Every structure is written in structure tokens, then in C-alpha cells.
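Peer 1: So here's coords_8.txt (compact mmCIF, C-alpha atoms).
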# COMPACT_ATOMS: atom_id res chain seq x y z
CA MET Q 4 6.29 70.13 -124.56
CA GLY Q 5 8.40 72.19 -122.16
CA ARG Q 6 5.57 72.35 -119.66
CA ARG Q 7 5.17 68.61 -119.78
CA ILE Q 8 8.81 68.07 -119.02
CA LEU Q 9 8.56 70.59 -116.17
CA ARG Q 10 5.59 68.77 -114.67
CA MET Q 11 7.35 65.46 -114.82
CA GLY Q 12 10.43 66.95 -113.15
CA LEU Q 13 8.38 68.46 -110.37
CA ALA Q 14 6.57 65.17 -109.86
CA GLY Q 15 9.87 63.30 -109.60
CA LEU Q 16 11.25 65.84 -107.18
CA ALA Q 17 8.13 65.55 -105.02
CA LEU Q 18 8.38 61.77 -105.09
CA MET Q 19 12.02 61.93 -103.97
CA LEU Q 20 11.18 64.33 -101.14
CA PHE Q 21 8.30 62.10 -99.97
CA ALA Q 22 10.50 59.02 -99.99
CA THR Q 23 13.20 60.83 -98.04
CA SER Q 24 10.64 62.15 -95.56
CA ALA Q 25 9.10 58.70 -95.14
CA GLY Q 26 12.49 57.13 -94.47
CA ALA Q 27 13.33 59.74 -91.88
CA SER Q 28 9.92 59.31 -90.26
CA ASP Q 29 10.39 55.54 -90.04
CA ALA Q 30 13.78 56.05 -88.39
CA ARG Q 31 12.30 58.41 -85.82
CA VAL Q 32 9.46 55.99 -85.04
CA GLU Q 33 11.93 53.19 -84.45
CA VAL Q 34 13.97 55.39 -82.12
CA LEU Q 35 10.86 56.43 -80.20
CA GLN Q 36 9.69 52.83 -79.85
CA ARG Q 37 13.10 51.81 -78.53
CA GLN Q 38 13.01 54.65 -76.00
CA LEU Q 39 9.50 53.63 -74.92
CA ARG Q 40 10.64 50.07 -74.35
CA GLU Q 41 13.56 51.27 -72.23
CA ARG Q 42 11.23 53.56 -70.29
CA ASP Q 43 8.86 50.64 -69.65
CA LYS Q 44 11.76 48.58 -68.29
CA VAL Q 45 12.77 51.42 -65.96
CA MET Q 46 9.17 51.85 -64.77
CA LEU Q 47 8.82 48.12 -64.08
CA GLU Q 48 12.04 48.13 -62.09
CA LEU Q 49 10.85 51.15 -60.12
CA LEU Q 50 7.52 49.44 -59.43
CA ARG Q 51 9.30 46.34 -58.10
CA ARG Q 52 11.44 48.50 -55.82
CA VAL Q 53 8.40 50.40 -54.54
CA GLU Q 54 6.58 47.14 -53.77
CA ALA Q 55 9.62 45.82 -51.89
CA LEU Q 56 9.88 49.03 -49.88
CA GLU Q 57 6.16 48.94 -49.07
CA LYS Q 58 6.49 45.39 -47.74
CA GLN Q 59 9.44 46.36 -45.50
CA VAL Q 60 7.66 49.44 -44.22
CA GLY Q 61 4.50 47.43 -43.61
CA VAL Q 62 6.33 44.83 -41.42
CA ALA Q 63 8.07 47.50 -39.39
CA ARG Q 64 4.82 49.40 -38.98
CA THR Q 65 3.05 46.24 -37.80
CA ALA Q 66 5.85 45.51 -35.32
CA ARG Q 67 5.57 49.02 -33.94
CA THR Q 68 1.80 49.14 -33.96
CA THR Q 69 1.01 45.76 -32.35
CA PRO Q 70 2.69 46.40 -28.95
CA THR Q 71 1.16 49.84 -28.94
CA LYS Q 72 -2.29 48.37 -29.42
CA GLU Q 73 -1.66 45.69 -26.80
CA LYS Q 74 -0.30 48.30 -24.42
CA ALA Q 75 -3.35 50.45 -25.03
CA LYS Q 76 -5.63 47.49 -24.32
CA ALA Q 77 -3.70 46.64 -21.15
CA GLU Q 78 -3.83 50.25 -19.99
CA LYS Q 79 -7.54 50.34 -20.72
CA ALA Q 80 -8.11 47.13 -18.73
CA THR Q 81 -6.02 48.51 -15.86
CA ASP Q 82 -8.00 51.72 -15.88
CA GLU Q 83 -11.26 49.77 -15.83
CA LYS Q 84 -10.04 47.67 -12.88
CA ALA Q 85 -8.95 50.82 -11.09
CA VAL Q 86 -12.38 52.35 -11.61
CA VAL Q 87 -14.10 49.20 -10.34
CA ALA Q 88 -11.77 49.05 -7.33
CA LYS Q 89 -12.36 52.71 -6.59
CA LYS Q 90 -16.11 52.25 -6.73
CA ALA Q 91 -15.88 49.15 -4.53
CA ALA Q 92 -13.64 50.96 -2.06
CA GLN Q 93 -16.26 53.63 -1.71
CA ALA Q 94 -18.78 51.05 -0.53
CA PRO Q 95 -18.93 50.86 3.28
CA GLY Q 96 -17.31 47.78 4.79
CA THR Q 97 -15.62 46.75 1.53
CA VAL Q 98 -12.11 45.24 1.71
CA ILE Q 99 -9.98 45.21 -1.44
CA VAL Q 100 -7.75 42.13 -1.55
CA ASP Q 101 -4.67 41.95 -3.78
CA GLU Q 102 -5.16 38.62 -5.53
CA ARG Q 103 -1.44 38.02 -5.96
CA MET Q 104 -0.79 38.52 -2.24
CA ALA Q 105 -3.73 36.30 -1.32
CA GLU Q 106 -2.48 33.66 -3.70
CA ARG Q 107 0.94 33.80 -2.10
CA ALA Q 108 -0.52 33.29 1.37
CA LEU Q 109 -2.63 30.40 0.11
CA GLU Q 110 0.35 28.84 -1.64
CA ARG Q 111 2.37 28.85 1.56
CA SER Q 112 -0.47 27.19 3.45
CA LEU Q 113 -1.01 24.64 0.71
CA SER Q 114 2.71 23.81 0.65
CA ARG Q 115 2.64 23.12 4.36
CA GLU Q 116 -0.42 20.88 4.00
CA GLY Q 117 1.32 18.90 1.26
CA ALA Q 118 -1.22 20.03 -1.33
CA LEU Q 119 1.28 22.07 -3.36
CA LEU Q 120 4.90 21.28 -4.20
CA LEU Q 121 7.79 23.72 -4.05
CA PRO Q 122 9.50 25.00 -7.21
CA SER Q 123 12.70 23.25 -8.18
CA GLY Q 124 15.64 24.22 -5.96
CA VAL Q 125 13.53 25.94 -3.28
CA LEU Q 126 14.14 24.78 0.31
CA GLU Q 127 11.67 25.19 3.15
CA VAL Q 128 12.51 24.43 6.80
CA GLU Q 129 9.68 23.99 9.30
CA PRO Q 130 10.22 23.70 13.06
CA SER Q 131 7.03 22.74 14.88
CA VAL Q 132 5.72 21.73 18.30
CA THR Q 133 2.57 19.76 19.07
CA PHE Q 134 0.71 19.12 22.30
CA ALA Q 135 -1.93 16.39 22.48
CA ARG Q 136 -4.06 15.22 25.38
CA GLN Q 137 -6.15 12.10 25.65
CA GLU Q 138 -8.37 11.06 28.53
CA ASP Q 139 -9.72 7.52 28.87
CA ALA Q 140 -11.89 6.04 31.59
CA THR Q 141 -12.71 2.36 32.13
CA SER Q 142 -14.64 0.50 34.79
CA SER Q 143 -12.61 -1.65 37.17
CA PHE Q 144 -12.84 -3.57 40.44
CA VAL Q 145 -10.55 -2.77 43.36
CA THR Q 146 -10.05 -4.29 46.80
CA SER Q 147 -10.55 -1.87 49.66
CA GLY Q 148 -10.41 -3.17 53.26
CA GLY Q 149 -10.75 -6.73 52.04
CA VAL Q 150 -13.89 -5.84 50.13
CA ILE Q 151 -14.11 -5.84 46.34
CA VAL Q 152 -15.82 -2.72 45.14
CA ALA Q 153 -16.51 -1.20 41.72
CA GLY Q 154 -14.30 1.62 40.66
CA GLU Q 155 -13.17 3.58 37.67
CA THR Q 156 -9.69 3.87 36.23
CA GLU Q 157 -8.74 7.07 34.45
CA ARG Q 158 -5.73 7.25 32.19
CA ASN Q 159 -4.68 10.74 31.17
CA THR Q 160 -1.88 11.10 28.65
CA ASN Q 161 -0.07 14.25 27.58
CA LEU Q 162 2.21 13.95 24.57
CA PHE Q 163 4.61 16.67 23.41
CA SER Q 164 6.22 16.43 19.97
CA ALA Q 165 8.94 18.59 18.46
CA ASP Q 166 9.65 18.19 14.78
CA LEU Q 167 12.11 19.66 12.31
CA GLY Q 168 10.89 19.23 8.75
CA PHE Q 169 12.63 19.87 5.45
CA ARG Q 170 11.02 20.23 2.02
CA LEU Q 171 13.09 20.62 -1.13
CA GLY Q 172 11.63 21.22 -4.58
CA LEU Q 173 13.06 18.92 -7.25
CA PRO Q 174 12.89 19.01 -11.06
CA TRP Q 175 9.95 17.48 -12.91
CA ASP Q 176 7.35 18.76 -10.41
CA SER Q 177 8.60 16.62 -7.53
CA GLN Q 178 9.67 17.18 -3.94
CA LEU Q 179 11.86 15.58 -1.27
CA GLU Q 180 10.57 15.59 2.32
CA ILE Q 181 12.43 14.76 5.55
CA GLY Q 182 11.22 14.89 9.15
CA LEU Q 183 13.23 14.62 12.38
CA PRO Q 184 10.88 14.25 15.39
CA TYR Q 185 11.34 14.03 19.14
CA ARG Q 186 8.61 12.98 21.57
CA TRP Q 187 8.05 13.27 25.29
CA GLY Q 188 5.01 11.98 27.12
CA GLN Q 189 3.47 11.86 30.55
CA SER Q 190 0.92 9.30 31.62
CA GLU Q 191 -1.18 9.51 34.77
CA THR Q 192 -3.31 6.62 35.99
CA VAL Q 193 -5.93 7.37 38.66
CA THR Q 194 -8.24 4.79 40.23
CA ASN Q 195 -11.39 6.21 41.77
CA VAL Q 196 -13.76 4.52 44.20
CA GLY Q 197 -16.96 6.45 44.41
CA PHE Q 198 -15.93 10.04 43.98
CA SER Q 199 -12.60 9.76 45.78
CA PRO Q 200 -9.19 8.85 44.30
CA PHE Q 201 -8.09 5.47 45.57
CA ALA Q 202 -4.66 5.17 43.92
CA SER Q 203 -2.63 7.07 41.36
CA ALA Q 204 0.62 6.68 39.44
CA THR Q 205 2.48 8.99 37.08
CA ASN Q 206 5.07 7.99 34.52
CA SER Q 207 6.97 10.08 32.02
CA GLY Q 208 9.43 9.30 29.27
CA GLY Q 209 10.74 10.56 25.99
CA GLY Q 210 12.98 9.81 23.05
CA GLU Q 211 13.55 10.40 19.38
CA GLY Q 212 10.74 9.64 16.99
CA ASP Q 213 10.80 7.84 13.66
CA VAL Q 214 12.76 9.69 10.98
CA ARG Q 215 10.55 10.30 7.94
CA ILE Q 216 11.71 10.31 4.33
CA GLY Q 217 9.18 11.10 1.63
CA PHE Q 218 8.94 11.77 -2.08
CA ALA Q 219 6.05 13.61 -3.74
CA LYS Q 220 5.21 14.10 -7.41
CA THR Q 221 2.57 16.11 -9.25
CA LEU Q 222 0.54 13.59 -11.22
CA LEU Q 223 -2.06 15.86 -12.81
CA ARG Q 224 -2.38 19.58 -13.40
CA GLU Q 225 -5.62 21.35 -12.62
CA GLY Q 226 -7.92 21.88 -15.57
CA LEU Q 227 -11.42 23.14 -16.13
CA ARG Q 228 -12.93 19.97 -14.69
CA THR Q 229 -9.91 18.19 -13.22
CA PRO Q 230 -8.06 18.95 -9.95
CA ASP Q 231 -4.39 19.12 -9.15
CA LEU Q 232 -3.32 15.61 -8.16
CA ILE Q 233 -0.23 14.88 -6.05
CA GLY Q 234 1.08 11.42 -5.25
CA ARG Q 235 3.30 10.84 -2.22
CA ILE Q 236 5.16 7.91 -0.68
CA THR Q 237 6.66 8.16 2.81
CA TRP Q 238 8.91 5.83 4.75
CA ASN Q 239 8.78 6.09 8.53
CA THR Q 240 11.94 4.41 9.76
CA ASP Q 241 12.13 2.42 13.00
CA SER Q 242 14.68 4.84 14.48
CA GLY Q 243 12.25 5.97 17.18
CA ARG Q 244 11.36 4.39 20.48
CA ILE Q 245 8.20 2.39 21.02
CA SER Q 246 7.86 3.41 24.66
CA ASP Q 247 9.87 4.76 27.56
CA ASN Q 248 9.16 4.16 31.24
CA GLY Q 249 5.71 2.81 30.45
CA VAL Q 250 4.75 5.75 28.23
CA SER Q 251 3.91 4.92 24.62
CA LEU Q 252 5.77 7.15 22.16
CA GLY Q 253 4.21 5.74 19.00
CA GLY Q 254 7.39 4.87 17.12
CA GLY Q 255 9.87 2.07 16.56
CA PHE Q 256 8.31 0.36 13.51
CA HIS Q 257 9.07 0.56 9.80
CA GLU Q 258 6.00 2.02 8.11
CA ILE Q 259 5.33 2.63 4.41
CA GLN Q 260 2.60 5.11 3.54
CA GLY Q 261 1.18 6.00 0.15
CA SER Q 262 -1.21 8.88 -0.38
CA VAL Q 263 -2.97 10.89 -3.07
CA THR Q 264 -3.95 14.53 -2.55
CA ALA Q 265 -6.32 16.50 -4.78
CA ILE Q 266 -6.93 20.25 -4.76
CA LYS Q 267 -9.43 22.34 -6.71
CA ARG Q 268 -9.41 26.12 -6.75
CA GLN Q 269 -12.35 28.49 -6.70
CA ASP Q 270 -10.48 31.64 -5.73
CA PRO Q 271 -10.23 32.66 -2.99
CA LEU Q 272 -11.29 29.15 -1.92
CA VAL Q 273 -9.25 25.98 -2.30
CA PHE Q 274 -10.83 22.59 -1.69
CA ILE Q 275 -8.50 19.81 -0.53
CA GLY Q 276 -9.02 16.08 -0.22
CA SER Q 277 -6.62 13.21 0.46
CA LEU Q 278 -6.64 9.44 0.85
CA SER Q 279 -3.79 7.39 2.32
CA TYR Q 280 -2.87 3.83 3.23
CA GLN Q 281 -0.15 2.81 5.69
CA HIS Q 282 1.42 -0.60 6.19
CA SER Q 283 3.63 -1.44 9.17
CA LEU Q 284 6.32 -4.11 9.20
CA GLU Q 285 6.56 -6.70 11.94
CA LYS Q 286 9.13 -6.24 14.69
CA ASP Q 287 9.72 -8.53 17.69
CA ASP Q 288 6.58 -10.53 16.78
CA VAL Q 289 4.48 -7.35 16.95
CA GLN Q 290 2.88 -5.79 13.89
CA PRO Q 291 0.71 -2.67 14.17
CA GLY Q 292 -2.44 -2.76 12.11
CA PHE Q 293 -2.82 -1.10 8.73
CA VAL Q 294 -4.18 2.44 8.65
CA VAL Q 295 -6.59 3.89 6.10
CA ALA Q 296 -7.06 7.65 6.46
CA THR Q 297 -8.85 10.43 4.67
CA ASN Q 298 -8.98 14.21 5.00
CA LEU Q 299 -11.48 16.59 3.49
CA GLY Q 300 -11.57 20.35 3.85
CA GLY Q 301 -10.53 23.65 2.42
CA ALA Q 302 -8.63 26.88 2.84
CA ILE Q 303 -9.62 30.48 2.22
CA ALA Q 304 -7.68 33.73 2.01
CA MET Q 305 -9.10 36.10 4.61
CA SER Q 306 -6.64 38.90 3.85
CA PRO Q 307 -3.58 39.36 1.67
CA GLU Q 308 -1.40 37.79 4.37
CA THR Q 309 -3.72 35.41 6.23
CA SER Q 310 -5.61 32.23 5.41
CA LEU Q 311 -7.91 29.94 7.39
CA ARG Q 312 -8.39 26.18 7.10
CA LEU Q 313 -11.02 23.68 8.14
CA PHE Q 314 -10.59 19.90 7.84
CA LEU Q 315 -12.45 16.76 8.78
CA SER Q 316 -10.00 13.94 9.41
CA GLY Q 317 -10.84 10.28 9.75
CA ALA Q 318 -8.79 7.08 10.04
CA TYR Q 319 -9.25 3.41 10.78
CA GLN Q 320 -6.45 1.25 12.20
CA GLY Q 321 -6.72 -2.50 11.98
CA GLU Q 322 -5.99 -4.93 14.78
CA THR Q 323 -2.46 -5.25 16.07
CA GLY Q 324 -0.83 -8.57 15.26
CA LEU Q 325 0.99 -10.56 17.93
CA SER Q 326 2.96 -13.61 16.79
CA GLY Q 327 0.87 -13.71 13.64
CA ASN Q 328 -2.49 -13.47 15.43
CA GLY Q 329 -4.73 -10.44 15.70
CA VAL Q 330 -5.37 -8.98 19.13
CA GLY Q 331 -9.10 -8.58 19.58
CA GLY Q 332 -10.31 -5.09 20.40
CA SER Q 333 -7.04 -3.44 19.36
CA ASP Q 334 -8.47 -1.78 16.26
CA ARG Q 335 -9.21 1.92 16.46
CA THR Q 336 -11.46 4.46 14.76
CA ILE Q 337 -10.15 7.99 14.85
CA GLY Q 338 -12.06 11.11 13.84
CA SER Q 339 -11.37 14.77 14.46
CA VAL Q 340 -12.07 18.26 13.19
CA ILE Q 341 -9.14 20.62 12.67
CA PHE Q 342 -9.20 24.40 12.61
CA GLY Q 343 -6.09 26.16 11.30
CA SER Q 344 -4.76 29.58 10.50
CA SER Q 345 -1.62 30.82 8.73
CA THR Q 346 -0.20 34.31 8.47
CA LEU Q 347 2.86 35.79 6.81
CA LEU Q 348 5.18 37.38 9.36
CA ALA Q 349 7.88 38.43 6.90
CA PRO Q 350 9.02 37.54 3.39
CA GLY Q 351 9.55 33.79 3.44
CA VAL Q 352 8.33 33.33 7.04
CA LEU Q 353 4.90 31.86 7.80
CA LEU Q 354 3.31 31.34 11.22
CA ASN Q 355 0.92 28.41 11.36
CA ALA Q 356 -1.37 27.30 14.18
CA SER Q 357 -3.98 24.55 14.24
CA LEU Q 358 -6.39 23.14 16.81
CA GLY Q 359 -7.75 19.62 16.61
CA ILE Q 360 -10.80 18.38 18.51
CA GLY Q 361 -11.48 14.65 18.77
CA LEU Q 362 -14.81 13.29 17.58
CA THR Q 363 -14.32 9.65 18.62
CA ASP Q 364 -13.16 7.91 21.79
CA ASP Q 365 -9.94 6.70 20.16
CA ALA Q 366 -8.92 10.18 18.98
CA ASP Q 367 -6.98 12.72 21.02
CA ASP Q 368 -9.41 14.88 22.93
CA MET Q 369 -7.44 17.94 21.94
CA SER Q 370 -4.30 18.75 20.00
CA LEU Q 371 -2.53 22.03 19.34
CA THR Q 372 0.22 22.56 16.75
CA VAL Q 373 2.34 25.65 16.17
CA SER Q 374 4.89 25.76 13.36
CA LEU Q 375 7.08 28.30 11.59
CA PRO Q 376 7.78 27.35 7.96
CA ILE Q 377 10.77 29.34 6.67
CA ARG Q 378 11.42 29.47 2.94
CA LEU Q 379 14.90 30.38 1.74
CA ASN Q 380 14.97 33.33 -0.64
CA SER Q 381 17.57 31.95 -3.05
CA PRO Q 382 17.04 28.57 -4.78
CA LEU Q 383 19.76 26.01 -4.12
CA PHE Q 384 19.95 25.08 -7.82
Please re-express this file's structure in C-alpha cells.
Peer 2:
Amino acid sequence: MGRRILRMGLAGLALMLFATSAGASDARVEVLQRQLRERDKVMLELLRRVEALEKQVGVARTARTTPTKEKAKAEKATDEKAVVAKKAAQAPGTVIVDERMAERALERSLSREGALLLPSGVLEVEPSVTFARQEDATSSFVTSGGVIVAGETERNTNLFSADLGFRLGLPWDSQLEIGLPYRWGQSETVTNVGFSPFASATNSGGGEGDVRIGFAKTLLREGLRTPDLIGRITWNTDSGRISDNGVSLGGGFHEIQGSVTAIKRQDPLVFIGSLSYQHSLEKDDVQPGFVVATNLGGAIAMSPETSLRLFLSGAYQGETGLSGNGVGGSDRTIGSVIFGSSTLLAPGVLLNASLGIGLTDDADDMSLTVSLPIRLNSPLF
């Protein structure tokens, strides 16, 4: 009986200890779970911060790495060009041309030809002189000793022109152009009978030419298959003299001229073409005929500071009107070939020279032009 009571007491004590241990264990588990949840929150927060830092570091690294890569590529390309240039320089008779310098020389020549407009605010002043000679011979009849004999009349004309031109680049790819000319001419008429001069007369005269005012605008930029296209309208005022002392000076009429110029580059070549139409206004019952003209040619950079040009120029002038009626035989067909060269003398200073040779009877037999375009270093605006 005593043992039974002892066993039951031990069993109750064991049950109480187990219950107490189980309660304590449950409390510890709950504490551990709460700590794990807090740890998970901290870890998630740390992960978010790490991701944010990685993004910031990645952007900065990209910003630092990209220029370095581009710089490395540029240096590599430069080194390759240097190697090619060095190899080319070793070849006998090879001339290495700086493309930027050649382009600058070509640009100056193209600006003078009206095939390229100046940047906005840039002013270019061009003094020039031109000499032209034309020789004409016609059959005539003269009276010598009371006898009418066949002869020949020669008319030789020398015309000198001095011009001061201004070109100013305007906004929106446009340009203002002004020209102030002066002309002086000498005309010699010689009548020959047989091979001997029978009579001669010489006249000379001069005066201001027609002031020119023009406006040019880039109409189209050069593309893969399209050329640069420049439109231009010019007003030749009637401020000049028509003639002086029997010498024609070629001025004195209001004239409106419209033209389109196209250029296409194939470095170091530039092809140039233009088409123009000129209409003259009537004055004192006289109206010069219309003029349709075209030019076709090109320019090439021969050295970093020099370029050459070759043009074929053609024009047709309609009959002169007198009191509303056309004068028969007064129309003219003019054709010439022009050789030109330009060289840079100093920064902003270009020396230009051109020689024209007439291809038709109505054209000047020979013309020579020398000009000195000077570009100001500082833009006006």
C-alpha cells in the first residue's frame, strides 16, 4: 500500500515537472521565433540598401568607363591613322594633305564663287580688278582717191574694272551681298585697206558701274544623293553709266537676276553648277535683252593652302528692244572657259586669280581677274 502511494506521488511529480518544462520550452520557442522575424526584417532592409548602393555604384562606374572606352577607341583610331600616314609618307612622291586645311582652302574658294555662304555674323571684303580685251573685225567699203574699195574695220576694246565687294553672313543660312564697281574703257577703231591702215580713232572713258545688292539663301543641304542648293537674287541698280565718250561701259539699267547654284562634294573635289536668268528694265526707250546663263565646273584642293578651278561658262542674250521693237542681229551668244587658282596668304586672306578665254565671237577674247578676299576674324554679331 505504501509503495503504491509512493508510485503515484512520483508519477504526479514527474507530470508536474514535464508540464513546467513544456511551458518553459513553449516560451523559449516563441521568443526565438520573434527574434527570427526581427532578424529577417533586418536582413531584408540590409538587402534593399545593398541593392540601392549597387545601382549607384553601377551608374558611376558606367559614367567613368564609357569616356574611357571612347577615348581608347579614339586613341586607337588616331594611332591607326598615324601608322597609315607614316607608311604613306615613306612612299616616294607621296604628299600628305591635312584634310581640315584643304577643306578650309576649298571653303574660301567656294565662298568667293557664291557656292558656299558665310556663317552668321562673318564679314568678307573683296577688292578686285579685271582686265578684258575684245577684238572684232568686219568688212567695210571705204573711199580712197575717189575710188570705192573693200576694206576691213577692226574694233579693239580694252575694259578695266575695279570692284569692292562685301559679303555678310546672316542668320538662317542666308547672306547679304553688295558690290561697288568702277569701269574704264578704251576703244580703238582701225580701218585697213589691203594690209595698210587707212584711218584710226581712239576713244576712252570711264565712270562708276551699277551698284549690286544681292541676297542668298541655302535652300537644301547636301545629302547622300542630293547637293547643296543655294538660291540668290541680285538687283543691279542703274547707278552706272551706259557709255562715256563713245566707249560702252555696260551699265545704266535696272537689272534683276535670279540664280540657283548646286555643289556636290567628292573630297578633295567639289563639283559646281549654276543656272541664272536676268531681266532688264526699259530706260529711255531702250531695253537690253534677257540673259540666260549657265556655269559648270569644279574645284580641287592641290595642297593644304591652294585650290584650282575650271569652269565652262555660257550665256545667251536676247535682242535689244528699241521703242518696243527688237533690233535684229543684236542678240549674242557668249561662251568661255575659265581657269582659276586660289591660295591662302595669311589667316583670313585669300589671293585669287582667274583667266578666261573666249570660245565664241561675242565673248571677250581674254579676261584676267585678280582679287583679295579678306575675312574678318571676329564675327560682327
Peer 1: Please return, as an NGL selection string, all polymer residues that have at least one atom within 6 Å of the point (0.9, 26.7, 19.4); use all atoms listed in the file and the file's own coordinate frame.
Peer 2: :Q and (356 or 371-373)
Peer 1: When you look at Ile377 in chain Q with a cut-off of 6 Å (counting all atoms listed in the file), what residues show up, excluding the ones that are within fewer than 3 positions of it in the same chain? I need them as a PyMOL selection string.
Peer 2: chain Q and resi 127-128+351-352
Peer 1: With distances taken over all atoms listed in the file, which residue among Q:Arg378, Q:Arg186, Q:Lys58, Q:Arg224 lies nearest Glu110 in chain Q?
Peer 2: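 Among Q:Arg378, Q:Arg186, Q:Lys58, Q:Arg224, it is Q:Arg378 that comes nearest to Glu110 in chain Q.
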Peer 1: Expressed in Å to a single decimal, how great is the separation between CA of Arg170 in chain Q and CA of Pro376 in chain Q?
Peer 2: 9.8 Å
Peer 1: So how many Å separate CA of Gly324 in chain Q and CA of Gln281 in chain Q, to one decimal?
Peer 2: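 Atom-to-atom, CA of Gly324 in chain Q and CA of Gln281 in chain Q are spaced 14.9 Å apart.
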Peer 1: Looking at Q:Pro307, Q:Gly338, Q:Gly321, Q:Gly210, which one is nearest to Ser251 in chain Q, with distances taken over all atoms listed in the file?
Peer 2: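 Using all atoms listed in the file, Ser251 in chain Q sits closest to Q:Gly210.
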Peer 1: Which residue gives the smallest distance to Pro184 in chain Q among Q:Arg244, Q:Lys220, Q:His257, Q:Arg115, with only C-alpha atoms counted?
Peer 2: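 The closest residue to Pro184 in chain Q is Q:Arg244.
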Peer 1: For range 342-345 of chain Q, work out the shell of residues within 6 Å, counting all atoms listed in the file and skipping chain neighbours fewer than 3 positions away, then give it as a list in words.
Peer 2: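 Contacts, with the query itself left out: Thr309, Ser310, Leu311, Arg312, Leu313, Leu354, Asn355, Ala356, Ser357 and Leu358 of chain Q.
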Peer 1: Of the candidates Q:Leu120, Q:Leu223, Q:Ala304, Q:Ala135, which shows the shortest atom-to-atom distance to Gln269 in chain Q, using all atoms listed in the file?
Peer 2: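 Ranking Q:Leu120, Q:Leu223, Q:Ala304, Q:Ala135 by distance to Gln269 in chain Q, first place goes to Q:Ala304.
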Peer 1: Residues within 9 Å of Ala318 in chain Q, please, as a VMD selection string. Count all atoms listed in the file; anything in the same chain fewer than 2 positions from it doesn't count.
Peer 2: chain Q and resid 294 to 298 316 320 335 to 338
Peer 1: Rounded to one decimal place, report the CA of Ile233 in chain Q-CA of Ser277 in chain Q distance in Å.
Peer 2: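 About the pair CA of Ile233 in chain Q and CA of Ser277 in chain Q: they are 9.3 Å apart.
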